[in-house]
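Have a look at target28.csv below; it lists CSV, C-alpha atoms and all ligand atoms.
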chain,number,residue,atom,x,y,z
A,1,MET,CA,-30.0,-0.7,59.3
A,2,VAL,CA,-32.2,-1.2,56.3
A,3,GLU,CA,-30.5,-2.7,53.2
A,4,TRP,CA,-31.5,-1.5,49.8
A,5,THR,CA,-30.9,-3.2,46.5
A,6,GLU,CA,-29.6,-1.2,43.6
A,7,PHE,CA,-33.0,-1.6,41.9
A,8,GLU,CA,-34.8,-0.3,45.0
A,9,ARG,CA,-32.5,2.7,45.3
A,10,ALA,CA,-32.8,3.5,41.6
A,11,THR,CA,-36.6,3.1,41.6
A,12,ILE,CA,-37.1,5.4,44.6
A,13,GLN,CA,-34.8,8.0,43.2
A,14,ASN,CA,-36.4,7.8,39.8
A,15,LEU,CA,-40.0,7.9,41.1
A,16,PHE,CA,-39.4,11.0,43.3
A,17,SER,CA,-37.2,12.8,40.8
A,18,LYS,CA,-40.1,12.8,38.3
A,19,MET,CA,-42.8,13.4,40.9
A,20,ASP,CA,-44.9,16.6,40.9
A,21,TYR,CA,-44.9,17.2,44.7
A,22,ASP,CA,-47.7,19.7,44.5
A,23,THR,CA,-50.1,17.3,42.8
A,24,VAL,CA,-49.1,14.1,44.5
A,25,GLY,CA,-49.0,15.8,47.9
A,26,GLN,CA,-52.4,17.5,47.5
A,27,GLN,CA,-54.1,14.3,46.1
A,28,SER,CA,-52.6,12.0,48.7
A,29,LEU,CA,-53.6,14.1,51.7
A,30,ALA,CA,-57.0,14.9,50.2
A,31,ARG,CA,-57.7,11.2,49.6
A,32,CYS,CA,-56.6,10.3,53.1
A,33,LEU,CA,-59.0,12.9,54.6
A,34,ILE,CA,-61.9,11.6,52.4
A,35,VAL,CA,-61.3,7.9,52.8
A,36,TYR,CA,-60.5,8.1,56.5
A,37,PRO,CA,-62.5,11.1,57.8
A,38,TRP,CA,-61.2,10.4,61.3
A,39,THR,CA,-57.9,12.0,60.1
A,40,GLN,CA,-59.7,15.3,59.7
A,41,ARG,CA,-59.5,15.7,63.5
A,42,TYR,CA,-56.0,17.0,63.2
A,43,PHE,CA,-56.8,19.8,60.8
A,44,GLY,CA,-59.5,21.7,62.6
A,45,ASN,CA,-58.0,25.0,61.4
A,46,PHE,CA,-58.0,24.0,57.7
A,47,GLY,CA,-61.5,25.4,57.1
A,48,ASN,CA,-64.1,23.7,54.9
A,49,LEU,CA,-63.6,19.9,54.8
A,50,TYR,CA,-67.4,19.3,54.5
A,51,ASN,CA,-67.3,16.9,51.6
A,52,ALA,CA,-65.0,15.4,49.0
A,53,ALA,CA,-65.2,18.3,46.6
A,54,ALA,CA,-64.5,20.8,49.4
A,55,ILE,CA,-61.4,18.7,50.5
A,56,MET,CA,-60.1,18.5,47.0
A,57,GLY,CA,-60.5,22.2,46.5
A,58,ASN,CA,-59.2,23.2,49.9
A,59,PRO,CA,-55.9,25.3,49.6
A,60,ASN,CA,-54.8,24.4,53.1
A,61,VAL,CA,-55.0,20.7,52.2
A,62,ALA,CA,-53.0,21.4,49.1
A,63,ALA,CA,-50.3,23.4,51.0
A,64,HIS,CA,-50.0,20.8,53.7
A,65,GLY,CA,-49.9,17.9,51.2
A,66,LYS,CA,-47.0,19.6,49.5
A,67,LEU,CA,-45.2,20.2,52.8
A,68,ILE,CA,-45.5,16.5,53.7
A,69,LEU,CA,-44.1,15.5,50.3
A,70,HIS,CA,-41.1,17.8,50.9
A,71,GLY,CA,-40.8,16.1,54.2
A,72,LEU,CA,-40.7,12.7,52.4
A,73,ASP,CA,-38.0,14.1,50.1
A,74,ARG,CA,-35.6,14.1,53.1
A,75,ALA,CA,-36.0,10.3,53.4
A,76,VAL,CA,-35.3,10.0,49.6
A,77,LYS,CA,-32.1,11.9,50.1
A,78,ASN,CA,-31.1,10.0,53.2
A,79,MET,CA,-32.2,6.4,52.4
A,80,ASP,CA,-29.4,5.0,54.6
A,81,ASP,CA,-30.4,6.9,57.7
A,82,ILE,CA,-34.2,7.4,57.6
A,83,LYS,CA,-34.5,6.7,61.3
A,84,ALA,CA,-32.2,9.6,62.3
A,85,THR,CA,-33.6,11.8,59.6
A,86,TYR,CA,-37.0,11.7,61.1
A,87,ALA,CA,-36.1,11.6,64.8
A,88,GLU,CA,-37.2,15.2,65.4
A,89,LEU,CA,-40.3,15.0,63.2
A,90,SER,CA,-41.3,11.8,65.1
A,91,VAL,CA,-41.1,13.7,68.4
A,92,LEU,CA,-43.1,16.6,67.0
A,93,HIS,CA,-45.9,14.3,65.7
A,94,SER,CA,-46.0,12.4,68.9
A,95,GLU,CA,-45.6,14.9,71.7
A,96,LYS,CA,-46.8,18.2,70.1
A,97,LEU,CA,-49.2,17.3,67.4
A,98,LYS,CA,-50.4,14.1,69.1
A,99,VAL,CA,-51.0,12.4,65.7
A,100,ASP,CA,-51.9,8.7,66.1
A,101,PRO,CA,-49.0,6.9,64.3
A,102,ASP,CA,-51.5,4.5,62.6
A,103,ASN,CA,-52.3,7.5,60.4
A,104,PHE,CA,-48.8,7.5,58.8
A,105,ARG,CA,-49.7,4.1,57.2
A,106,LEU,CA,-53.1,5.4,56.0
A,107,LEU,CA,-51.4,8.3,54.3
A,108,ALA,CA,-48.7,6.1,52.8
A,109,ASP,CA,-51.4,3.8,51.3
A,110,CYS,CA,-53.3,6.8,49.8
A,111,MET,CA,-50.0,8.0,48.3
A,112,THR,CA,-49.4,4.6,46.8
A,113,VAL,CA,-52.8,4.7,45.0
A,114,VAL,CA,-52.0,8.2,43.7
A,115,VAL,CA,-48.6,7.2,42.4
A,116,ALA,CA,-49.9,4.0,40.9
A,117,ALA,CA,-52.6,5.9,39.0
A,118,GLN,CA,-50.0,8.3,37.6
A,119,GLN,CA,-47.5,5.7,36.7
A,120,GLY,CA,-49.9,3.4,34.8
A,121,ALA,CA,-48.1,0.4,33.2
A,122,ALA,CA,-44.7,1.6,34.6
A,123,PHE,CA,-46.0,0.7,38.1
A,124,THR,CA,-44.9,-2.9,38.0
A,125,PRO,CA,-44.9,-5.3,40.9
A,126,ASP,CA,-41.2,-4.6,41.5
A,127,VAL,CA,-41.8,-0.9,41.6
A,128,GLN,CA,-44.7,-1.3,43.9
A,129,ALA,CA,-42.6,-3.5,46.2
A,130,ALA,CA,-39.8,-0.9,46.3
A,131,LEU,CA,-42.2,2.0,47.0
A,132,GLN,CA,-44.0,0.0,49.7
A,133,LYS,CA,-40.7,-0.9,51.4
A,134,PHE,CA,-39.6,2.7,51.3
A,135,LEU,CA,-42.9,4.0,52.7
A,136,SER,CA,-42.8,1.3,55.4
A,137,VAL,CA,-39.4,2.5,56.6
A,138,VAL,CA,-40.7,6.1,56.6
A,139,VAL,CA,-43.8,5.1,58.6
A,140,SER,CA,-41.7,3.1,61.1
A,141,ALA,CA,-39.2,6.0,61.5
A,142,LEU,CA,-42.0,8.5,62.1
A,143,GLY,CA,-43.5,6.2,64.7
A,144,ARG,CA,-40.2,5.6,66.4
A,145,GLN,CA,-40.4,8.3,69.1
A,146,TYR,CA,-43.9,7.2,70.4
A,147,HIS,CA,-44.0,5.6,73.8
B,201,LIG,ZN1,-47.3,15.6,59.4
B,201,LIG,C1,-46.8,18.9,60.3
B,201,LIG,C2,-44.3,15.7,57.6
B,201,LIG,C3,-47.9,12.5,58.1
B,201,LIG,C4,-50.5,15.7,60.7
B,201,LIG,N1,-45.8,17.0,59.0
B,201,LIG,C5,-45.8,18.3,59.5
B,201,LIG,C6,-44.6,18.9,59.1
B,201,LIG,C7,-43.9,18.0,58.4
B,201,LIG,C8,-44.7,16.8,58.3
B,201,LIG,C9,-42.5,18.2,57.7
B,201,LIG,C10,-44.2,20.4,59.5
B,201,LIG,C11,-43.4,20.3,60.7
B,201,LIG,C12,-42.9,21.6,61.2
B,201,LIG,O1,-43.6,22.6,61.1
B,201,LIG,O2,-41.7,21.7,61.7
B,201,LIG,N2,-46.3,14.3,58.1
B,201,LIG,C13,-45.0,14.5,57.6
B,201,LIG,C14,-44.7,13.3,56.8
B,201,LIG,C15,-45.7,12.4,56.9
B,201,LIG,C16,-46.7,13.1,57.8
B,201,LIG,C17,-43.4,13.1,56.1
B,201,LIG,C18,-45.9,11.1,56.4
B,201,LIG,C19,-45.4,10.5,55.4
B,201,LIG,N3,-48.9,14.4,59.4
B,201,LIG,C20,-49.0,13.1,58.8
B,201,LIG,C21,-50.3,12.5,59.0
B,201,LIG,C22,-51.0,13.4,59.8
B,201,LIG,C23,-50.1,14.6,60.0
B,201,LIG,C24,-50.7,11.2,58.5
B,201,LIG,C25,-52.4,13.4,60.3
B,201,LIG,C26,-53.3,12.6,59.9
B,201,LIG,N4,-48.4,17.1,60.4
B,201,LIG,C27,-49.7,16.9,60.8
B,201,LIG,C28,-50.2,18.1,61.5
B,201,LIG,C29,-49.1,19.0,61.4
B,201,LIG,C30,-48.0,18.3,60.6
B,201,LIG,C31,-51.5,18.3,62.1
B,201,LIG,C32,-49.1,20.5,61.9
B,201,LIG,C33,-49.8,21.3,60.8
B,201,LIG,C34,-49.8,22.8,61.2
B,201,LIG,O3,-48.8,23.3,61.7
B,201,LIG,O4,-50.9,23.4,61.0

Show this structure as structure tokens.
Amino acid sequence: MVEWTEFERATIQNLFSKMDYDTVGQQSLARCLIVYPWTQRYFGNFGNLYNAAAIMGNPNVAAHGKLILHGLDRAVKNMDDIKATYAELSVLHSEKLKVDPDNFRLLADCMTVVVAAQQGAAFTPDVQAALQKFLSVVVSALGRQYH
């Protein structure tokens, strides 16, 4: 089981409680699709992903980014059992959606950039470390059911 310090718990709860899921979700997924165009392959039904402006303005990207953030919220609320929380979602991404698990890390990194840009000076090394640890646990849990 993953151990969390009081600081890590407080930091994750604080970051997510203040987060605008619509904005952070949309920006994180859009950045991922722009910086790593290979990830677009999973979203063939999303319409126009022709260039960065189209991706930024695409309502399907915004809606799915928000959905992913709400998915992350489940880990925030179950920090002591992220593995079990994502067991089903991991099976879905592996067996049905066939999303390469490397992509979870790419999205997590894009999200870190978005959060850091929003937080400014409040994004200290300790905060960054806590967020990175949290997202690593999420990425590992989502990749758990792949074999
Ligand atoms: Zn995912 C879906 C979450 C990442 C791709 N997702 C999904 C959902 C959720 C999620 C919740 C819904 C499900 C149902 O319906 O049941 N994701 C998530 C999370 C994450 C993710 C939390 C991280 C963090 N994904 C991801 C990535 C990708 C994806 C990275 C790629 C690249 N997903 C996806 C898809 C889908 C999903 C494709 C399906 C969509 C539709 O349906 O359309």

Item to complete: Compute the set of protein, DNA and RNA residues whose minimum atom distance to ligand LIG 201 (chain B) is at most 6 Å, using all atoms listed in the file, and state it as a list in words.
Response: Thr39, Tyr42, Phe43, Leu67, Ile68, Gly71, Leu72, Leu97, Val99, Asn103, Phe104 and Leu107 of chain A

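The smallest atom-to-atom distance between Val127 in chain A and any of A:Met1, A:Gln145, A:Gln13, A:Tyr36, using all atoms listed in the file, is found for A:Gln13.
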
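CA of Ala129 in chain A is found 20.9 Å from CA of Tyr21 in chain A.
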
Response to the item:
CA of Arg9 in chain A to CA of Gln118 in chain A measures 19.9 Å

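Note that the spacing between CA of Gly47 in chain A and CA of Gln27 in chain A amounts to 17.3 Å.
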
Practice prompt. Give the answer as one residue: which of A:Ala30, A:Gly44, A:Ala108, A:Asp73 has the shortest atom-to-atom distance to Leu15 in chain A, using only C-alpha atoms?
Written response: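 Once distances to Leu15 in chain A are computed over only C-alpha atoms, the minimum belongs to A:Asp73.
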
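The smallest atom-to-atom distance between Ser17 in chain A and any of A:Pro125, A:Lys98, A:Val76, A:Trp38, using all atoms listed in the file, is found for A:Val76.
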
What's around Ser28 in chain A at 7 Å? Count all atoms listed in the file, leave out sequence neighbours fewer than 2 positions away in its own chain, and write the answer as a tab-separated table (two decimals) with C-alpha atoms, in the frame of the given file.
chain	number	residue	atom	x	y	z
A	24	VAL	CA	-49.10	14.10	44.50
A	25	GLY	CA	-49.00	15.80	47.90
A	26	GLN	CA	-52.40	17.50	47.50
A	30	ALA	CA	-57.00	14.90	50.20
A	31	ARG	CA	-57.70	11.20	49.60
A	32	CYS	CA	-56.60	10.30	53.10
A	65	GLY	CA	-49.90	17.90	51.20
A	107	LEU	CA	-51.40	8.30	54.30
A	110	CYS	CA	-53.30	6.80	49.80
A	111	MET	CA	-50.00	8.00	48.30
A	114	VAL	CA	-52.00	8.20	43.70

Discussion item. Let me make sure I understand: among A:Thr11, A:Leu49, A:Phe16, A:Asp80, which one has the smallest atom-to-atom distance to Gln128 in chain A if we use all atoms listed in the file?
Written reply: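 Checking each candidate against Gln128 in chain A, we get A:Thr11 as the closest.
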
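Using all atoms listed in the file for every distance, the candidate list A:Val139, A:Ala62, A:Ile55, A:Ala75 yields A:Ile55 as the residue closest to Val35 in chain A.
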
Discussion item. Counting only C-alpha atoms, which residue out of A:Leu142, A:Asp20, A:Leu33, A:Ser136 sits closest to Glu88 in chain A?
Written reply: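 Counting only C-alpha atoms, the residue closest to Glu88 in chain A is A:Leu142.
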
Item to complete: Write out as a PyMOL selection string each polymer residue whose atoms come within 12 Å of Asn14 in chain A, counting all atoms listed in the file; drop sequence neighbours fewer than 4 positions from it.
Response: chain A and resi 6-10+18-19+76-77+119+122+127+130-131

Practice prompt. Name the residues in contact with Tyr86 in chain A at a cut-off of 9 Å, using all atoms listed in the file, excluding same-chain residues fewer than 5 positions from it; report them as a list in words.
Written response: Arg74, Ala75, Asp81, Val91, Val138, Ala141, Leu142 and Arg144 of chain A

My structure is short of atoms at range 85-119 of chain A; please model N, CA and C atoms there, returning them as a PDB file, in the frame of the given file.
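Final output, saved to selection17.pdb:
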ATOM      1  N   THR A  85     -33.014  10.699  60.341  1.00  0.00           N
ATOM      2  CA  THR A  85     -33.600  11.800  59.600  1.00  0.00           C
ATOM      3  C   THR A  85     -34.886  12.291  60.181  1.00  0.00           C
ATOM      4  N   TYR A  86     -35.682  11.327  60.654  1.00  0.00           N
ATOM      5  CA  TYR A  86     -37.000  11.700  61.100  1.00  0.00           C
ATOM      6  C   TYR A  86     -37.152  11.679  62.655  1.00  0.00           C
ATOM      7  N   ALA A  87     -36.028  11.606  63.364  1.00  0.00           N
ATOM      8  CA  ALA A  87     -36.100  11.600  64.800  1.00  0.00           C
ATOM      9  C   ALA A  87     -36.900  12.754  65.380  1.00  0.00           C
ATOM     10  N   GLU A  88     -36.531  13.932  64.914  1.00  0.00           N
ATOM     11  CA  GLU A  88     -37.200  15.200  65.400  1.00  0.00           C
ATOM     12  C   GLU A  88     -38.636  15.251  64.984  1.00  0.00           C
ATOM     13  N   LEU A  89     -38.879  14.906  63.723  1.00  0.00           N
ATOM     14  CA  LEU A  89     -40.300  15.000  63.200  1.00  0.00           C
ATOM     15  C   LEU A  89     -41.157  13.969  63.917  1.00  0.00           C
ATOM     16  N   SER A  90     -40.578  12.844  64.324  1.00  0.00           N
ATOM     17  CA  SER A  90     -41.300  11.800  65.100  1.00  0.00           C
ATOM     18  C   SER A  90     -41.732  12.399  66.439  1.00  0.00           C
ATOM     19  N   VAL A  91     -40.799  13.048  67.102  1.00  0.00           N
ATOM     20  CA  VAL A  91     -41.100  13.700  68.400  1.00  0.00           C
ATOM     21  C   VAL A  91     -42.186  14.708  68.249  1.00  0.00           C
ATOM     22  N   LEU A  92     -42.071  15.512  67.207  1.00  0.00           N
ATOM     23  CA  LEU A  92     -43.100  16.600  67.000  1.00  0.00           C
ATOM     24  C   LEU A  92     -44.479  15.967  66.796  1.00  0.00           C
ATOM     25  N   HIS A  93     -44.595  14.934  65.951  1.00  0.00           N
ATOM     26  CA  HIS A  93     -45.900  14.300  65.700  1.00  0.00           C
ATOM     27  C   HIS A  93     -46.445  13.627  66.967  1.00  0.00           C
ATOM     28  N   SER A  94     -45.538  13.071  67.740  1.00  0.00           N
ATOM     29  CA  SER A  94     -46.000  12.400  68.900  1.00  0.00           C
ATOM     30  C   SER A  94     -46.323  13.319  70.066  1.00  0.00           C
ATOM     31  N   GLU A  95     -45.370  14.155  70.443  1.00  0.00           N
ATOM     32  CA  GLU A  95     -45.600  14.900  71.700  1.00  0.00           C
ATOM     33  C   GLU A  95     -46.323  16.235  71.467  1.00  0.00           C
ATOM     34  N   LYS A  96     -46.122  16.914  70.348  1.00  0.00           N
ATOM     35  CA  LYS A  96     -46.800  18.200  70.100  1.00  0.00           C
ATOM     36  C   LYS A  96     -48.095  18.043  69.371  1.00  0.00           C
ATOM     37  N   LEU A  97     -48.018  17.380  68.226  1.00  0.00           N
ATOM     38  CA  LEU A  97     -49.200  17.300  67.400  1.00  0.00           C
ATOM     39  C   LEU A  97     -50.159  16.178  67.835  1.00  0.00           C
ATOM     40  N   LYS A  98     -49.615  15.193  68.561  1.00  0.00           N
ATOM     41  CA  LYS A  98     -50.400  14.100  69.100  1.00  0.00           C
ATOM     42  C   LYS A  98     -51.167  13.346  67.936  1.00  0.00           C
ATOM     43  N   VAL A  99     -50.459  13.135  66.852  1.00  0.00           N
ATOM     44  CA  VAL A  99     -51.000  12.400  65.700  1.00  0.00           C
ATOM     45  C   VAL A  99     -50.839  10.898  65.996  1.00  0.00           C
ATOM     46  N   ASP A 100     -51.928  10.157  65.964  1.00  0.00           N
ATOM     47  CA  ASP A 100     -51.900   8.700  66.100  1.00  0.00           C
ATOM     48  C   ASP A 100     -50.978   8.126  65.013  1.00  0.00           C
ATOM     49  N   PRO A 101     -49.918   7.350  65.365  1.00  0.00           N
ATOM     50  CA  PRO A 101     -49.000   6.900  64.300  1.00  0.00           C
ATOM     51  C   PRO A 101     -49.630   5.958  63.285  1.00  0.00           C
ATOM     52  N   ASP A 102     -50.788   5.366  63.587  1.00  0.00           N
ATOM     53  CA  ASP A 102     -51.500   4.500  62.600  1.00  0.00           C
ATOM     54  C   ASP A 102     -51.794   5.372  61.330  1.00  0.00           C
ATOM     55  N   ASN A 103     -51.949   6.677  61.520  1.00  0.00           N
ATOM     56  CA  ASN A 103     -52.300   7.500  60.400  1.00  0.00           C
ATOM     57  C   ASN A 103     -51.177   7.628  59.345  1.00  0.00           C
ATOM     58  N   PHE A 104     -49.945   7.398  59.748  1.00  0.00           N
ATOM     59  CA  PHE A 104     -48.800   7.500  58.800  1.00  0.00           C
ATOM     60  C   PHE A 104     -49.029   6.392  57.699  1.00  0.00           C
ATOM     61  N   ARG A 105     -49.459   5.210  58.155  1.00  0.00           N
ATOM     62  CA  ARG A 105     -49.700   4.100  57.200  1.00  0.00           C
ATOM     63  C   ARG A 105     -50.846   4.443  56.276  1.00  0.00           C
ATOM     64  N   LEU A 106     -51.907   5.040  56.822  1.00  0.00           N
ATOM     65  CA  LEU A 106     -53.100   5.400  56.000  1.00  0.00           C
ATOM     66  C   LEU A 106     -52.659   6.355  54.880  1.00  0.00           C
ATOM     67  N   LEU A 107     -51.871   7.354  55.268  1.00  0.00           N
ATOM     68  CA  LEU A 107     -51.400   8.300  54.300  1.00  0.00           C
ATOM     69  C   LEU A 107     -50.517   7.665  53.233  1.00  0.00           C
ATOM     70  N   ALA A 108     -49.633   6.805  53.708  1.00  0.00           N
ATOM     71  CA  ALA A 108     -48.700   6.100  52.800  1.00  0.00           C
ATOM     72  C   ALA A 108     -49.501   5.287  51.774  1.00  0.00           C
ATOM     73  N   ASP A 109     -50.567   4.636  52.224  1.00  0.00           N
ATOM     74  CA  ASP A 109     -51.400   3.800  51.300  1.00  0.00           C
ATOM     75  C   ASP A 109     -52.105   4.718  50.293  1.00  0.00           C
ATOM     76  N   CYS A 110     -52.608   5.856  50.742  1.00  0.00           N
ATOM     77  CA  CYS A 110     -53.300   6.800  49.800  1.00  0.00           C
ATOM     78  C   CYS A 110     -52.264   7.265  48.766  1.00  0.00           C
ATOM     79  N   MET A 111     -51.051   7.536  49.214  1.00  0.00           N
ATOM     80  CA  MET A 111     -50.000   8.000  48.300  1.00  0.00           C
ATOM     81  C   MET A 111     -49.686   6.932  47.267  1.00  0.00           C
ATOM     82  N   THR A 112     -49.663   5.680  47.708  1.00  0.00           N
ATOM     83  CA  THR A 112     -49.400   4.600  46.800  1.00  0.00           C
ATOM     84  C   THR A 112     -50.435   4.529  45.669  1.00  0.00           C
ATOM     85  N   VAL A 113     -51.695   4.742  46.031  1.00  0.00           N
ATOM     86  CA  VAL A 113     -52.800   4.700  45.000  1.00  0.00           C
ATOM     87  C   VAL A 113     -52.560   5.878  44.023  1.00  0.00           C
ATOM     88  N   VAL A 114     -52.208   7.052  44.541  1.00  0.00           N
ATOM     89  CA  VAL A 114     -52.000   8.200  43.700  1.00  0.00           C
ATOM     90  C   VAL A 114     -50.843   7.982  42.713  1.00  0.00           C
ATOM     91  N   VAL A 115     -49.736   7.484  43.246  1.00  0.00           N
ATOM     92  CA  VAL A 115     -48.600   7.200  42.400  1.00  0.00           C
ATOM     93  C   VAL A 115     -48.852   6.155  41.375  1.00  0.00           C
ATOM     94  N   ALA A 116     -49.532   5.097  41.794  1.00  0.00           N
ATOM     95  CA  ALA A 116     -49.900   4.000  40.900  1.00  0.00           C
ATOM     96  C   ALA A 116     -50.738   4.527  39.723  1.00  0.00           C
ATOM     97  N   ALA A 117     -51.711   5.367  40.046  1.00  0.00           N
ATOM     98  CA  ALA A 117     -52.600   5.900  39.000  1.00  0.00           C
ATOM     99  C   ALA A 117     -51.820   6.755  38.025  1.00  0.00           C
ATOM    100  N   GLN A 118     -50.829   7.489  38.514  1.00  0.00           N
ATOM    101  CA  GLN A 118     -50.000   8.300  37.600  1.00  0.00           C
ATOM    102  C   GLN A 118     -49.067   7.521  36.768  1.00  0.00           C
ATOM    103  N   GLN A 119     -48.497   6.464  37.362  1.00  0.00           N
ATOM    104  CA  GLN A 119     -47.500   5.700  36.700  1.00  0.00           C
ATOM    105  C   GLN A 119     -48.041   4.736  35.625  1.00  0.00           C
TER     106      GLN A 119
END
